[in-house]
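In what follows, a single structure is set out as structure tokens and then discussed.
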Amino acid sequence: MVENQRWLDYLAHAVLILGVVIVAFPVYVAVIASTHEPTAFTSGTIPLLPGSNAVETYSGVFAGGVAAQMSVPIGVMLTNSMIMALAIAFGKIVISILSAFAIVYFRFPFRVLAFWMIFITLMLPVEVRIVPTFEVISNLNMLNSYTGLTVPLMASATATFLFRQVFLTIPDEMMEAARIDGAGPMKFFKDILLPMSQTNIAALFVILFIYGWNQYLWPILVTTDDSYQTIVAGIKRMADVVDSEPLWNSIMSVTVLAMLPPVAVVIFMQRLFVKGLVDSEK
């Protein structure tokens, strides 16, 4: 039995505070940089206190006043990233939960082989199969489209494996009781499996949304039209200027704005995650 010693509590809190400081310090620097002049971070010293240029910087970013480094308005880039992240998250969850439902509750030839073929794709991420995937998307005329941005990233062996493990823990008696009550497979799926998987869906949605939001390599390959540019690619393009110094205050302001949607999703889905845990206890 571990003794309750006050110094251990102080040590635990000190370690937690240190971890928060290490993780949050780069975000703090980005926020501070967005409130200073463009040359503040190229002078050799990093200011750690807010400046007086915040309103001008953020209004210039929203108004497109940095057109030399922003070829696409920030609203368009945020919208593209939001569409891409939501489509990938919803698509992965729908495909994974239906495939796991079929693998667990239906008896068909090569059912186990089908699952392991899905699971093996964990060793083939998009970066490994990016050339043939791009060839397929190009042949299907899906370049410069939201379909080309999202469809190749929707399959998820990890999510399929997670839902399969969840469904395996559900007693067979529930399926038999639903069958006696006259419920078909899809009614059993909708009325029993989906409510019992609410916690897993909430946790997966957070992870998959951030995964889709942070995509960089795939969007710059399948889109040559600037109207489909995502926020991550836009930040990279703003930093890669040739004939002038990067406007670091504008870059950092766009970075701060790009962090807000994932943070909002985490906060919102955290409530659903806790609600799912509480409901499952009842």
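Letters A, B, ... mark the chains of the structure tokens in the order given; residue numbers begin at 1 per chain; ligand numbers begin at 1, in order shown.
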Just want the 12 Å neighbourhood of range 121-126 of chain A, counted on only C-alpha atoms, with same-chain residues fewer than 3 positions away dropped. Output as a list in words.
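Residues near the query, excluding close chain neighbours: Ala114, Phe115, Trp116, Met117, Ile118, Arg129, Ile130, Val131, Pro132, Thr133, Phe134, Thr150, Val151, Pro152, Leu153, Met154, Ala155, Ser156, Ala157, Thr158, Ala159, Thr160, Phe161, Gln215, Tyr216, Leu217, Trp218, Pro219 and Leu221 of chain A.
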Do you know which residues are at most 7 Å from range 163-180 of chain A counting only C-alpha atoms, after dropping those on the same chain fewer than 5 positions away, and could you put them as a list in words?
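Everything that qualifies: Ile97, Ala100, Val104 and Phe188 of chain A.
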Using only C-alpha atoms, find each residue in range 46-151 of chain A having at least one atom no more than 7 Å away from range 241-263 of chain A; report its shortest atom-to-atom pair and that distance in Å (one decimal), rows by chain then rising number, as JSON lines.
{"residue": "A:Thr57", "atom": "CA", "partner": "A:Ser250", "partner_atom": "CA", "distance": 6.1}
{"residue": "A:Tyr58", "atom": "CA", "partner": "A:Ser253", "partner_atom": "CA", "distance": 6.4}
{"residue": "A:Val61", "atom": "CA", "partner": "A:Ser250", "partner_atom": "CA", "distance": 6.5}
Do you know which residues are at most 9 Å from Ser227 in chain A counting only C-alpha atoms, after dropping those on the same chain fewer than 6 positions away, and could you put them as a list in words?
Val72, Val76, Met77, Asn80 and Asn144 of chain A
If you run DSSP on the backbone, which residues of range 188-240 of chain A are alpha helix (DSSP H), as an NGL selection string?
:A and (188 or 194-196 or 198-213 or 217-222 or 231-239)
Writing out the chosen residues with N, CA and C atoms as a CSV table (one decimal), in the first residue's frame:
chain,number,residue,atom,x,y,z
A,188,PHE,N,-30.6,-4.1,-34.9
A,188,PHE,CA,-29.7,-4.5,-33.8
A,188,PHE,C,-28.5,-3.6,-33.8
A,194,LEU,N,-24.6,0.8,-31.8
A,194,LEU,CA,-24.2,2.2,-31.9
A,194,LEU,C,-24.2,2.9,-30.5
A,195,PRO,N,-25.3,2.8,-29.7
A,195,PRO,CA,-25.3,3.4,-28.4
A,195,PRO,C,-24.2,2.9,-27.5
A,196,MET,N,-23.9,1.6,-27.6
A,196,MET,CA,-22.8,1.0,-26.7
A,196,MET,C,-21.4,1.4,-27.2
A,198,GLN,N,-20.7,4.5,-28.3
A,198,GLN,CA,-20.6,6.0,-28.3
A,198,GLN,C,-19.3,6.5,-27.8
A,199,THR,N,-18.8,5.9,-26.7
A,199,THR,CA,-17.5,6.4,-26.2
A,199,THR,C,-16.4,6.2,-27.2
A,200,ASN,N,-16.3,5.0,-27.8
A,200,ASN,CA,-15.3,4.8,-28.8
A,200,ASN,C,-15.4,5.7,-30.0
A,201,ILE,N,-16.6,5.9,-30.4
A,201,ILE,CA,-16.8,6.8,-31.6
A,201,ILE,C,-16.4,8.2,-31.3
A,202,ALA,N,-16.7,8.7,-30.1
A,202,ALA,CA,-16.2,10.1,-29.7
A,202,ALA,C,-14.7,10.2,-29.6
A,203,ALA,N,-14.1,9.1,-29.1
A,203,ALA,CA,-12.6,9.2,-29.0
A,203,ALA,C,-12.0,9.1,-30.4
A,204,LEU,N,-12.5,8.2,-31.2
A,204,LEU,CA,-12.0,8.1,-32.6
A,204,LEU,C,-12.2,9.3,-33.4
A,205,PHE,N,-13.3,10.0,-33.2
A,205,PHE,CA,-13.6,11.2,-34.0
A,205,PHE,C,-12.5,12.2,-33.7
A,206,VAL,N,-12.2,12.4,-32.5
A,206,VAL,CA,-11.1,13.4,-32.1
A,206,VAL,C,-9.8,13.1,-32.8
A,207,ILE,N,-9.4,11.8,-32.7
A,207,ILE,CA,-8.1,11.4,-33.3
A,207,ILE,C,-8.2,11.6,-34.8
A,208,LEU,N,-9.3,11.1,-35.5
A,208,LEU,CA,-9.3,11.1,-36.9
A,208,LEU,C,-9.5,12.5,-37.5
A,209,PHE,N,-10.2,13.4,-36.7
A,209,PHE,CA,-10.4,14.8,-37.2
A,209,PHE,C,-9.0,15.5,-37.2
A,210,ILE,N,-8.2,15.3,-36.1
A,210,ILE,CA,-6.9,15.9,-36.1
A,210,ILE,C,-6.0,15.3,-37.1
A,211,TYR,N,-6.1,14.0,-37.4
A,211,TYR,CA,-5.4,13.4,-38.5
A,211,TYR,C,-5.7,14.0,-39.8
A,212,GLY,N,-6.9,14.2,-40.1
A,212,GLY,CA,-7.3,14.8,-41.4
A,212,GLY,C,-6.9,16.3,-41.4
A,213,TRP,N,-7.1,17.0,-40.3
A,213,TRP,CA,-6.7,18.4,-40.3
A,213,TRP,C,-5.2,18.6,-40.6
A,217,LEU,N,1.1,16.2,-47.0
A,217,LEU,CA,1.7,15.6,-48.2
A,217,LEU,C,0.6,15.3,-49.3
A,218,TRP,N,-0.4,14.6,-48.9
A,218,TRP,CA,-1.5,14.2,-49.8
A,218,TRP,C,-2.2,15.4,-50.5
A,219,PRO,N,-2.6,16.5,-49.7
A,219,PRO,CA,-3.2,17.6,-50.3
A,219,PRO,C,-2.4,18.3,-51.4
A,220,ILE,N,-1.1,18.5,-51.1
A,220,ILE,CA,-0.3,19.2,-52.1
A,220,ILE,C,0.0,18.4,-53.3
A,221,LEU,N,-0.2,17.1,-53.3
A,221,LEU,CA,0.0,16.2,-54.4
A,221,LEU,C,-1.2,16.2,-55.3
A,222,VAL,N,-2.4,16.1,-54.7
A,222,VAL,CA,-3.6,15.9,-55.6
A,222,VAL,C,-4.3,17.2,-55.9
A,231,ILE,N,-5.1,24.6,-44.9
A,231,ILE,CA,-4.4,25.5,-44.0
A,231,ILE,C,-3.0,25.1,-43.7
A,232,VAL,N,-2.7,23.8,-43.6
A,232,VAL,CA,-1.4,23.4,-43.3
A,232,VAL,C,-0.5,23.7,-44.5
A,233,ALA,N,-0.9,23.4,-45.7
A,233,ALA,CA,-0.1,23.7,-46.9
A,233,ALA,C,0.0,25.2,-47.0
A,234,GLY,N,-1.0,26.0,-46.6
A,234,GLY,CA,-0.9,27.4,-46.7
A,234,GLY,C,0.2,28.0,-45.8
A,235,ILE,N,0.2,27.5,-44.6
A,235,ILE,CA,1.3,27.9,-43.7
A,235,ILE,C,2.7,27.6,-44.2
A,236,LYS,N,2.8,26.5,-44.7
A,236,LYS,CA,4.1,26.1,-45.3
A,236,LYS,C,4.5,27.0,-46.5
A,237,ARG,N,3.5,27.3,-47.3
A,237,ARG,CA,3.8,28.2,-48.5
A,237,ARG,C,4.1,29.6,-48.0
A,238,MET,N,3.5,30.1,-46.9
A,238,MET,CA,3.8,31.4,-46.4
A,238,MET,C,5.2,31.5,-45.9
A,239,ALA,N,5.7,30.4,-45.4
A,239,ALA,CA,7.1,30.4,-44.8
A,239,ALA,C,8.2,30.3,-45.9
